[in-house]
$ cat coords.cif   # mmCIF, C-alpha atoms, pLDDT in the B column; chains and numbers go by the auth columns
data_input
loop_
_atom_site.group_PDB
_atom_site.id
_atom_site.type_symbol
_atom_site.label_atom_id
_atom_site.label_comp_id
_atom_site.label_asym_id
_atom_site.label_seq_id
_atom_site.Cartn_x
_atom_site.Cartn_y
_atom_site.Cartn_z
_atom_site.B_iso_or_equiv
_atom_site.auth_seq_id
_atom_site.auth_asym_id
ATOM 1 C CA MET A 1 -20.570 39.559 4.347 93.00 289 U
ATOM 2 C CA ASN A 2 -18.477 40.265 1.255 97.00 290 U
ATOM 3 C CA PRO A 3 -19.320 38.739 -2.166 98.00 291 U
ATOM 4 C CA ILE A 4 -16.275 37.061 -3.767 98.00 292 U
ATOM 5 C CA LEU A 5 -16.007 37.003 -7.549 98.00 293 U
ATOM 6 C CA TYR A 6 -14.313 34.481 -9.808 97.00 294 U
ATOM 7 C CA ARG A 7 -14.626 34.915 -13.581 93.00 295 U
ATOM 8 C CA ASN A 8 -17.348 37.540 -13.029 93.00 296 U
ATOM 9 C CA HIS A 9 -19.479 35.202 -10.915 96.00 297 U
ATOM 10 C CA VAL A 10 -20.099 35.340 -7.180 98.00 298 U
ATOM 11 C CA ILE A 11 -18.857 32.049 -5.743 97.00 299 U
ATOM 12 C CA CYS A 12 -19.239 32.749 -2.012 97.00 300 U
ATOM 13 C CA TYR A 13 -19.664 35.339 0.725 98.00 301 U
ATOM 14 C CA LEU A 14 -16.901 35.850 3.263 97.00 302 U
ATOM 15 C CA LYS A 15 -16.453 37.652 6.550 95.00 303 U
ATOM 16 C CA GLU A 16 -13.770 40.298 6.977 93.00 304 U
ATOM 17 C CA SER A 17 -11.499 37.919 8.900 91.00 305 U
ATOM 18 C CA GLU A 18 -11.793 35.349 6.101 97.00 306 U
ATOM 19 C CA LEU A 19 -10.648 37.914 3.535 97.00 307 U
ATOM 20 C CA ASP A 20 -7.280 38.273 5.257 96.00 308 U
ATOM 21 C CA ALA A 21 -6.861 34.494 5.374 97.00 309 U
ATOM 22 C CA LEU A 22 -7.784 34.089 1.699 98.00 310 U
ATOM 23 C CA SER A 23 -5.200 36.715 0.750 97.00 311 U
ATOM 24 C CA VAL A 24 -2.345 34.580 2.097 98.00 312 U
ATOM 25 C CA LEU A 25 -3.815 31.169 1.205 98.00 313 U
ATOM 26 C CA ALA A 26 -4.605 31.918 -2.451 98.00 314 U
ATOM 27 C CA PRO A 27 -1.009 31.661 -3.801 98.00 315 U
ATOM 28 C CA TYR A 28 -0.627 28.216 -2.181 98.00 316 U
ATOM 29 C CA TRP A 29 -3.662 27.176 -4.223 98.00 317 U
ATOM 30 C CA GLY A 30 -2.314 28.643 -7.468 98.00 318 U
ATOM 31 C CA LEU A 31 -4.588 31.686 -7.256 98.00 319 U
ATOM 32 C CA LEU A 32 -4.316 35.427 -6.651 98.00 320 U
ATOM 33 C CA PHE A 33 -6.836 37.374 -4.584 98.00 321 U
ATOM 34 C CA ASN A 34 -7.504 41.092 -4.956 97.00 322 U
ATOM 35 C CA LYS A 35 -8.778 42.118 -1.527 95.00 323 U
ATOM 36 C CA GLN A 36 -9.778 45.626 -2.613 95.00 324 U
ATOM 37 C CA GLU A 37 -11.868 44.505 -5.581 96.00 325 U
ATOM 38 C CA LEU A 38 -12.892 41.195 -3.950 98.00 326 U
ATOM 39 C CA PHE A 39 -12.110 38.949 -6.900 97.00 327 U
ATOM 40 C CA ILE A 40 -10.023 35.808 -7.361 98.00 328 U
ATOM 41 C CA GLU A 41 -8.020 35.232 -10.514 98.00 329 U
ATOM 42 C CA PRO A 42 -5.850 32.392 -11.876 98.00 330 U
ATOM 43 C CA GLY A 43 -2.238 32.692 -10.785 98.00 331 U
ATOM 44 C CA LEU A 44 -0.476 31.027 -13.743 98.00 332 U
ATOM 45 C CA SER A 45 -2.420 32.244 -16.777 97.00 333 U
ATOM 46 C CA SER A 46 0.716 33.467 -18.564 95.00 334 U
ATOM 47 C CA GLN A 47 2.915 30.448 -17.738 98.00 335 U
ATOM 48 C CA THR A 48 3.700 27.285 -19.717 98.00 336 U
ATOM 49 C CA ILE A 49 4.892 23.847 -18.650 98.00 337 U
ATOM 50 C CA CYS A 50 6.182 20.823 -20.534 98.00 338 U
ATOM 51 C CA ILE A 51 6.154 17.432 -18.801 98.00 339 U
ATOM 52 C CA LYS A 52 8.200 14.574 -20.215 97.00 340 U
ATOM 53 C CA ASN A 53 7.731 10.825 -19.644 97.00 341 U
ATOM 54 C CA MET A 54 4.237 11.016 -18.195 97.00 342 U
ATOM 55 C CA GLN A 55 1.341 8.949 -19.518 95.00 343 U
ATOM 56 C CA LYS A 56 -1.307 10.983 -21.316 96.00 344 U
ATOM 57 C CA LYS A 57 -4.082 9.783 -19.010 97.00 345 U
ATOM 58 C CA GLU A 58 -2.159 10.906 -15.939 97.00 346 U
ATOM 59 C CA GLN A 59 -1.146 14.199 -17.538 97.00 347 U
ATOM 60 C CA ASP A 60 -4.776 14.925 -18.428 97.00 348 U
ATOM 61 C CA HIS A 61 -5.726 14.341 -14.796 98.00 349 U
ATOM 62 C CA LEU A 62 -2.885 16.614 -13.691 98.00 350 U
ATOM 63 C CA ALA A 63 -4.220 19.278 -16.062 98.00 351 U
ATOM 64 C CA ASP A 64 -7.622 18.966 -14.372 98.00 352 U
ATOM 65 C CA ILE A 65 -6.037 19.443 -10.939 98.00 353 U
ATOM 66 C CA LEU A 66 -4.263 22.613 -12.118 98.00 354 U
ATOM 67 C CA ALA A 67 -7.047 23.868 -14.405 98.00 355 U
ATOM 68 C CA HIS A 68 -7.965 26.746 -12.069 98.00 356 U
ATOM 69 C CA THR A 69 -4.434 28.172 -12.373 98.00 357 U
ATOM 70 C CA HIS A 70 -4.836 28.496 -16.183 98.00 358 U
ATOM 71 C CA ILE A 71 -1.317 27.187 -16.754 98.00 359 U
ATOM 72 C CA HIS A 72 -0.720 26.018 -20.333 98.00 360 U
ATOM 73 C CA PHE A 73 0.542 22.482 -20.984 98.00 361 U
ATOM 74 C CA VAL A 74 2.755 22.450 -24.077 97.00 362 U
ATOM 75 C CA GLU A 75 5.001 19.935 -25.829 94.00 363 U
ATOM 76 C CA SER A 76 7.824 22.226 -26.885 90.00 364 U
ATOM 77 C CA GLU A 77 9.576 25.259 -25.432 94.00 365 U
ATOM 78 C CA SER A 78 8.160 26.229 -22.044 97.00 366 U
ATOM 79 C CA ASP A 79 8.789 28.224 -18.884 98.00 367 U
ATOM 80 C CA LEU A 80 9.259 24.994 -16.935 98.00 368 U
ATOM 81 C CA LEU A 81 10.442 21.661 -18.308 98.00 369 U
ATOM 82 C CA LEU A 82 9.772 18.833 -15.871 98.00 370 U
ATOM 83 C CA GLU A 83 11.061 15.361 -16.672 98.00 371 U
ATOM 84 C CA ILE A 84 9.527 12.468 -14.743 98.00 372 U
ATOM 85 C CA SER A 85 11.390 9.291 -13.842 96.00 373 U
ATOM 86 C CA GLU A 86 10.013 6.258 -11.998 95.00 374 U
ATOM 87 C CA ARG A 87 12.035 3.684 -10.064 93.00 375 U
ATOM 88 C CA ASN A 88 11.363 0.755 -7.789 92.00 376 U
ATOM 89 C CA GLU A 89 14.543 0.257 -5.800 91.00 377 U
ATOM 90 C CA ARG A 90 14.879 -0.094 -2.051 87.00 378 U
ATOM 91 C CA HIS A 91 18.085 1.876 -1.639 89.00 379 U
ATOM 92 C CA LEU A 92 16.714 5.029 -3.314 90.00 380 U
ATOM 93 C CA PRO A 93 14.706 7.755 -1.529 93.00 381 U
ATOM 94 C CA PRO A 94 10.981 7.999 -2.381 95.00 382 U
ATOM 95 C CA ILE A 95 11.269 11.433 -4.029 97.00 383 U
ATOM 96 C CA SER A 96 14.337 13.149 -5.451 97.00 384 U
ATOM 97 C CA LEU A 97 14.717 16.279 -7.548 97.00 385 U
ATOM 98 C CA ALA A 98 17.712 16.862 -9.828 97.00 386 U
ATOM 99 C CA SER A 99 18.768 20.317 -10.961 96.00 387 U
ATOM 100 C CA GLY A 100 22.017 20.491 -12.888 92.00 388 U
ATOM 101 C CA ASN A 101 24.640 18.555 -10.930 93.00 389 U
ATOM 102 C CA LEU A 102 22.694 18.696 -7.667 96.00 390 U
ATOM 103 C CA THR A 103 20.118 16.204 -6.411 96.00 391 U
ATOM 104 C CA TYR A 104 17.727 16.958 -3.562 97.00 392 U
ATOM 105 C CA ARG A 105 15.696 14.539 -1.481 95.00 393 U
ATOM 106 C CA LEU A 106 12.163 15.802 -0.956 95.00 394 U
ATOM 107 C CA LYS A 107 10.035 14.908 2.046 88.00 395 U
ATOM 108 C CA TYR A 108 6.405 13.977 1.549 87.00 396 U
ATOM 109 C CA ALA A 109 4.627 13.800 4.895 80.00 397 U
ATOM 110 C CA ASN A 110 1.279 12.062 5.324 69.00 398 U
ATOM 111 C CA ASN A 111 0.878 13.358 8.852 68.00 399 U
ATOM 112 C CA VAL A 112 2.172 16.797 9.800 65.00 400 U
ATOM 113 C CA GLY A 113 -0.177 17.538 12.672 72.00 401 U
ATOM 114 C CA ARG A 114 -1.906 20.909 12.763 76.00 402 U
ATOM 115 C CA ASP A 115 1.001 22.934 11.373 86.00 403 U
ATOM 116 C CA LEU A 116 -0.732 24.588 8.418 92.00 404 U
ATOM 117 C CA GLN A 117 2.532 25.867 6.930 93.00 405 U
ATOM 118 C CA ARG A 118 3.794 22.306 6.492 90.00 406 U
ATOM 119 C CA MET A 119 0.442 20.665 5.938 91.00 407 U
ATOM 120 C CA ILE A 120 -0.912 22.722 3.037 94.00 408 U
ATOM 121 C CA HIS A 121 1.557 21.167 0.551 95.00 409 U
ATOM 122 C CA GLN A 122 2.195 17.924 2.450 92.00 410 U
ATOM 123 C CA ASN A 123 5.602 19.270 3.543 92.00 411 U
ATOM 124 C CA ILE A 124 6.767 19.280 -0.100 94.00 412 U
ATOM 125 C CA TRP A 125 8.969 22.311 -0.805 94.00 413 U
ATOM 126 C CA LEU A 126 10.862 23.215 -3.951 96.00 414 U
ATOM 127 C CA PRO A 127 14.548 23.671 -3.037 95.00 415 U
ATOM 128 C CA VAL A 128 15.587 25.408 -6.269 94.00 416 U
ATOM 129 C CA ARG A 129 13.795 27.245 -9.074 94.00 417 U
ATOM 130 C CA ASN A 130 15.495 25.968 -12.187 96.00 418 U
ATOM 131 C CA PRO A 131 13.491 25.871 -15.465 97.00 419 U
ATOM 132 C CA LEU A 132 14.869 22.380 -16.157 97.00 420 U
ATOM 133 C CA LEU A 133 14.114 19.828 -13.433 98.00 421 U
ATOM 134 C CA THR A 134 14.095 16.036 -13.206 98.00 422 U
ATOM 135 C CA LEU A 135 11.727 14.517 -10.667 98.00 423 U
ATOM 136 C CA THR A 136 12.295 10.879 -9.709 97.00 424 U
ATOM 137 C CA PHE A 137 9.649 8.836 -7.901 97.00 425 U
ATOM 138 C CA ASN A 138 10.679 5.616 -6.229 96.00 426 U
ATOM 139 C CA ASN A 139 7.712 3.368 -5.473 94.00 427 U
ATOM 140 C CA VAL A 140 5.280 6.299 -5.154 95.00 428 U
ATOM 141 C CA GLY A 141 1.627 5.947 -6.214 95.00 429 U
ATOM 142 C CA LEU A 142 0.280 7.805 -9.244 96.00 430 U
ATOM 143 C CA ASP A 143 -2.157 9.904 -7.221 96.00 431 U
ATOM 144 C CA GLU A 144 0.616 11.008 -4.878 95.00 432 U
ATOM 145 C CA GLN A 145 2.841 11.798 -7.868 97.00 433 U
ATOM 146 C CA LYS A 146 0.260 14.151 -9.381 98.00 434 U
ATOM 147 C CA GLU A 147 -0.329 15.846 -6.049 97.00 435 U
ATOM 148 C CA ILE A 148 3.397 16.423 -5.533 97.00 436 U
ATOM 149 C CA ILE A 149 3.849 17.756 -9.080 98.00 437 U
ATOM 150 C CA SER A 150 0.917 20.141 -8.576 98.00 438 U
ATOM 151 C CA TYR A 151 2.453 21.656 -5.457 98.00 439 U
ATOM 152 C CA LEU A 152 5.908 21.952 -7.020 98.00 440 U
ATOM 153 C CA VAL A 153 4.511 23.688 -10.112 98.00 441 U
ATOM 154 C CA ILE A 154 2.591 26.204 -7.993 98.00 442 U
ATOM 155 C CA GLN A 155 5.667 26.899 -5.881 98.00 443 U
ATOM 156 C CA PHE A 156 7.880 27.319 -8.930 98.00 444 U
ATOM 157 C CA PHE A 157 5.774 30.170 -10.291 98.00 445 U
ATOM 158 C CA LEU A 158 4.238 31.725 -7.156 98.00 446 U
ATOM 159 C CA ARG A 159 6.935 31.361 -4.500 96.00 447 U
ATOM 160 C CA ASP A 160 7.447 35.144 -4.373 96.00 448 U
ATOM 161 C CA GLN A 161 3.763 35.678 -3.533 97.00 449 U
ATOM 162 C CA MET A 162 3.724 33.120 -0.719 97.00 450 U
ATOM 163 C CA LYS A 163 3.710 34.483 2.820 97.00 451 U
ATOM 164 C CA PRO A 164 3.674 32.666 6.189 96.00 452 U
ATOM 165 C CA ILE A 165 0.293 31.098 6.955 97.00 453 U
ATOM 166 C CA SER A 166 0.845 29.460 10.355 93.00 454 U
ATOM 167 C CA HIS A 167 -1.269 32.183 11.980 94.00 455 U
ATOM 168 C CA VAL A 168 -4.378 31.259 9.966 95.00 456 U
ATOM 169 C CA PRO A 169 -6.866 29.427 12.234 93.00 457 U
ATOM 170 C CA PHE A 170 -7.438 25.888 11.091 90.00 458 U
ATOM 171 C CA ASP A 171 -11.219 26.244 11.097 92.00 459 U
ATOM 172 C CA VAL A 172 -10.948 29.288 8.796 95.00 460 U
ATOM 173 C CA TYR A 173 -8.665 27.373 6.429 95.00 461 U
ATOM 174 C CA SER A 174 -11.087 24.444 6.395 94.00 462 U
ATOM 175 C CA SER A 175 -14.032 26.754 5.742 95.00 463 U
ATOM 176 C CA LEU A 176 -12.303 28.485 2.817 97.00 464 U
ATOM 177 C CA ILE A 177 -11.606 25.155 1.125 97.00 465 U
ATOM 178 C CA GLU A 178 -15.337 24.513 1.042 96.00 466 U
ATOM 179 C CA LYS A 179 -16.523 28.053 0.306 97.00 467 U
ATOM 180 C CA ALA A 180 -13.893 29.346 -2.123 98.00 468 U
ATOM 181 C CA MET A 181 -11.738 26.512 -3.476 98.00 469 U
ATOM 182 C CA ARG A 182 -14.351 23.854 -4.164 97.00 470 U
ATOM 183 C CA PRO A 183 -16.519 26.022 -6.486 98.00 471 U
ATOM 184 C CA ILE A 184 -13.416 27.019 -8.475 98.00 472 U
ATOM 185 C CA ASN A 185 -11.849 23.570 -8.926 98.00 473 U
ATOM 186 C CA PRO A 186 -13.229 20.477 -7.157 97.00 474 U
ATOM 187 C CA HIS A 187 -10.247 18.385 -8.349 97.00 475 U
ATOM 188 C CA PHE A 188 -7.696 20.519 -6.514 98.00 476 U
ATOM 189 C CA SER A 189 -10.101 21.011 -3.634 97.00 477 U
ATOM 190 C CA LEU A 190 -10.151 17.247 -3.059 95.00 478 U
ATOM 191 C CA LEU A 191 -6.414 17.309 -2.359 94.00 479 U
ATOM 192 C CA GLN A 192 -6.889 19.916 0.356 93.00 480 U
ATOM 193 C CA GLU A 193 -10.003 18.254 1.757 90.00 481 U
ATOM 194 C CA LYS A 194 -8.063 15.001 2.030 82.00 482 U
ATOM 195 C CA LEU A 195 -5.544 16.751 4.277 72.00 483 U
ATOM 196 C CA ASN A 196 -8.345 18.250 6.306 64.00 484 U
ATOM 197 C CA LYS A 197 -9.812 14.814 7.047 65.00 485 U
ATOM 198 C CA LYS A 198 -6.479 13.549 8.375 56.00 486 U
ATOM 199 C CA ILE A 199 -6.439 16.100 11.179 54.00 487 U
ATOM 200 C CA TRP A 200 -7.935 14.986 14.484 44.00 488 U
ATOM 201 C CA PRO A 201 -10.725 17.459 15.322 46.00 489 U
ATOM 202 C CA GLU A 202 -10.441 19.811 18.255 47.00 490 U
ATOM 203 C CA ILE A 203 -12.681 19.445 21.281 42.00 491 U
ATOM 204 C CA PRO A 204 -16.138 20.853 20.419 45.00 492 U
ATOM 205 C CA PRO A 205 -16.577 24.342 21.955 46.00 493 U
ATOM 206 C CA GLU A 206 -19.511 23.327 24.145 47.00 494 U
ATOM 207 C CA ILE A 207 -17.531 20.441 25.646 43.00 495 U
ATOM 208 C CA ALA A 208 -14.420 22.574 26.134 40.00 496 U
ATOM 209 C CA GLN A 209 -16.480 25.290 27.847 48.00 497 U
ATOM 210 C CA ASN A 210 -18.102 22.750 30.151 49.00 498 U
ATOM 211 C CA GLN A 211 -14.673 21.420 31.117 44.00 499 U
ATOM 212 C CA GLU A 212 -13.399 24.916 31.857 46.00 500 U
ATOM 213 C CA GLU A 213 -16.377 25.611 34.112 50.00 501 U
ATOM 214 C CA GLN A 214 -15.835 22.406 36.041 48.00 502 U
ATOM 215 C CA ASN A 215 -12.070 22.771 36.247 46.00 503 U
ATOM 216 C CA PRO A 216 -10.617 26.157 35.191 46.00 504 U
ATOM 217 C CA SER A 217 -7.074 24.795 35.397 43.00 505 U
ATOM 218 C CA VAL A 218 -7.702 22.361 32.524 41.00 506 U
ATOM 219 C CA ASP A 219 -6.393 23.560 29.176 41.00 507 U
ATOM 220 C CA ARG A 220 -9.274 23.739 26.689 40.00 508 U
ATOM 221 C CA HIS A 221 -7.178 22.135 23.937 40.00 509 U
ATOM 222 C CA ILE A 222 -5.133 19.608 25.878 37.00 510 U
ATOM 223 C CA LEU A 223 -6.444 17.126 28.377 37.00 511 U
ATOM 224 C CA HIS A 224 -3.916 16.179 31.019 38.00 512 U
ATOM 225 C CA GLU A 225 -4.372 12.782 32.537 37.00 513 U
ATOM 226 C CA GLN A 226 -4.416 12.978 36.319 40.00 514 U
ATOM 227 C CA LYS A 227 -1.839 10.638 37.758 39.00 515 U
ATOM 228 C CA PRO A 228 -1.914 9.371 41.331 39.00 516 U
ATOM 229 C CA THR A 229 0.591 10.941 43.700 41.00 517 U
ATOM 230 C CA PRO A 230 3.557 8.577 43.961 38.00 518 U
ATOM 231 C CA PHE A 231 4.394 7.179 47.343 34.00 519 U
ATOM 232 C CA ASN A 232 7.386 8.861 48.964 37.00 520 U
ATOM 233 C CA PRO A 233 9.176 6.505 51.346 37.00 521 U
ATOM 234 C CA PHE A 234 11.137 9.429 52.824 35.00 522 U
ATOM 235 C CA LYS A 235 8.105 11.486 53.727 43.00 523 U
ATOM 236 C CA ASN A 236 7.233 11.872 57.394 44.00 524 U
ATOM 237 C CA HIS A 237 3.967 10.112 58.033 41.00 525 U
ATOM 238 C CA SER A 238 1.674 10.543 61.031 41.00 526 U
ATOM 239 C CA PRO A 239 2.341 7.997 63.751 41.00 527 U
ATOM 240 C CA SER A 240 0.034 5.066 63.822 39.00 528 U
ATOM 241 C CA GLN A 241 -2.658 4.939 66.494 41.00 529 U
ATOM 242 C CA SER A 242 -2.148 1.233 67.047 39.00 530 U
ATOM 243 C CA LYS A 243 -0.325 0.077 70.149 41.00 531 U
ATOM 244 C CA GLN A 244 3.276 -0.906 69.695 44.00 532 U
ATOM 245 C CA ILE A 245 4.878 -3.752 71.582 42.00 533 U
ATOM 246 C CA ASN A 246 8.150 -2.980 73.325 48.00 534 U
ATOM 247 C CA PRO A 247 10.017 -6.201 73.974 43.00 535 U
ATOM 248 C CA PHE A 248 12.312 -4.408 76.437 44.00 536 U
ATOM 249 C CA GLN A 249 9.564 -2.933 78.546 49.00 537 U
ATOM 250 C CA SER A 250 9.627 -4.139 82.143 47.00 538 U
ATOM 251 C CA THR A 251 6.625 -6.163 83.266 46.00 539 U
ATOM 252 C CA LYS A 252 5.223 -6.934 86.718 48.00 540 U
ATOM 253 C CA ASN A 253 6.477 -10.174 88.227 47.00 541 U
ATOM 254 C CA LYS A 254 3.890 -12.782 88.850 46.00 542 U
ATOM 255 C CA GLN A 255 3.824 -14.520 92.247 49.00 543 U
ATOM 256 C CA SER A 256 4.700 -18.090 91.612 46.00 544 U
ATOM 257 C CA SER A 257 5.312 -20.928 94.067 48.00 545 U
ATOM 258 C CA THR A 258 8.707 -22.525 94.108 50.00 546 U
ATOM 259 C CA ILE A 259 8.834 -26.295 94.222 51.00 547 U
ATOM 260 C CA ASN A 260 11.136 -27.694 96.936 53.00 548 U
ATOM 261 C CA PRO A 261 12.045 -31.241 96.062 49.00 549 U
ATOM 262 C CA PHE A 262 13.300 -31.852 99.660 48.00 550 U
ATOM 263 C CA LYS A 263 10.149 -30.712 101.385 51.00 551 U
ATOM 264 C CA ARG A 264 8.382 -33.508 103.209 52.00 552 U
ATOM 265 C CA LYS A 265 4.845 -34.044 102.209 51.00 553 U
ATOM 266 C CA ASN A 266 2.249 -34.375 104.927 48.00 554 U
#

$ encode --input "coords.cif" --output "structure tokens"
Amino acid sequence: MNPILYRNHVICYLKESELDALSVLAPYWGLLFNKQELFIEPGLSSQTICIKNMQKKEQDHLADILAHTHIHFVESESDLLLEISERNERHLPPISLASGNLTYRLKYANNVGRDLQRMIHQNIWLPVRNPLLTLTFNNVGLDEQKEIISYLVIQFFLRDQMKPISHVPFDVYSSLIEKAMRPINPHFSLLQEKLNKKIWPEIPPEIAQNQEEQNPSVDRHILHEQKPTPFNPFKNHSPSQSKQINPFQSTKNKQSSTINPFKRKN
């Protein structure tokens, strides 16, 4: 097991396979991981952000969510100026991002299955990296707004460090949230844990193994419902053993007496 350091303190112990996963997951969490020296460091310590039109209470909570990144919230000149706008109109999309003369519709997915690449940021992706952006929310809750802003800020500054993560096993990802992310920042960790709870768990290994032993053809991850074989009216069936009646079959004539109406009775 390898001791992992954050701010000169050991926060967890990880296996070798978990080190590789943490290397690619860290930028999505606003962190950088030095695999050789085994330490985690904030990913945005030299960056500044200015957010306009956001209530102080909500901005303070947003600062807590991003505290582990060490980004600096300022009120004047900054590396990223993000202006927030709120609407409540039916004809508008839930989330739109304006950059210059272009407006993009962003997709926020509550259920993205087990695709970690889409799930880790709720399918929110920054289409353009412009230092002046306007983010419009249309009938979107405050908690969801702060989550979306957090992911967009991390992507704005760390997009170049982000690599594909679809190959990371889901159980390893889930374990690293608890071992590495939670001790660093429980506020941000809650966002990731919330996603984790939405995913339907896989079949427990002992049950899957038992199923494989009983029926090796059954996929350990997918249960196929056995359907009855449909009746085929054109299939040749075995002849029935019951006797068939042939109406044209000749039968033996019975001896019957013919009545002669002219015969004299004795």

$ residues_around --input "coords.cif" --residues "range 326-334 of chain U" --least-positions-apart "3" --cutoff "9 Å" --atoms "only C-alpha atoms" --output "ChimeraX atom specification"
/U:290-296,298,307,314-315,317-323,355-360,442,445-446

$ resolve_selection --input "coords.cif" --expression "the PyMOL selection byres ((chain U and resi 364-378) around 6)" --output "count of residues only"
19

$ atom_distance --input "coords.cif" --atom1 "CA of Leu310 in chain U" --atom2 "CA of Tyr461 in chain U"
8.3 Å

$ residues_around --input "coords.cif" --residues "Glu346 in chain U" --least-positions-apart "3" --cutoff "10 Å" --atoms "all atoms listed in the file" --output "list in words"
Met342, Gln343, His349, Leu350, Ala351, Asp352, Leu430, Asp431, Gln433 and Lys434 of chain U

$ atom_distance --input "coords.cif" --atom1 "CA of Leu404 in chain U" --atom2 "CA of Ala468 in chain U"
17.5 Å

$ atom_distance --input "coords.cif" --atom1 "CA of Thr391 in chain U" --atom2 "CA of Phe444 in chain U"
16.7 Å

$ resolve_selection --input "coords.cif" --expression "the PyMOL selection byres ((chain U and resi 396) around 7)" --output "list of chain:residue names"
U:Leu394, U:Lys395, U:Ala397, U:Asn398, U:Gln410, U:Asn411, U:Ile412

$ closest_residue --input "coords.cif" --among "U:Ile383, U:Val428, U:Leu478, U:Leu313" --to "Leu464 in chain U" --atoms "all atoms listed in the file"
U:Leu313

$ closest_residue --input "coords.cif" --among "U:Gln335, U:Gln449, U:Gln324, U:Gln480" --to "Glu466 in chain U" --atoms "all atoms listed in the file"
U:Gln480

$ closest_residue --input "coords.cif" --among "U:Gln405, U:Ser387, U:Gln347, U:Ser438" --to "Pro457 in chain U" --atoms "only C-alpha atoms"
U:Gln405

$ residues_near_point --input "coords.cif" --point "(-9.8, 20.8, -2.6)" --cutoff "12 Å" --atoms "all atoms listed in the file" --output "ChimeraX atom specification"
/U:316-318,353-354,356,408-409,435,461-485
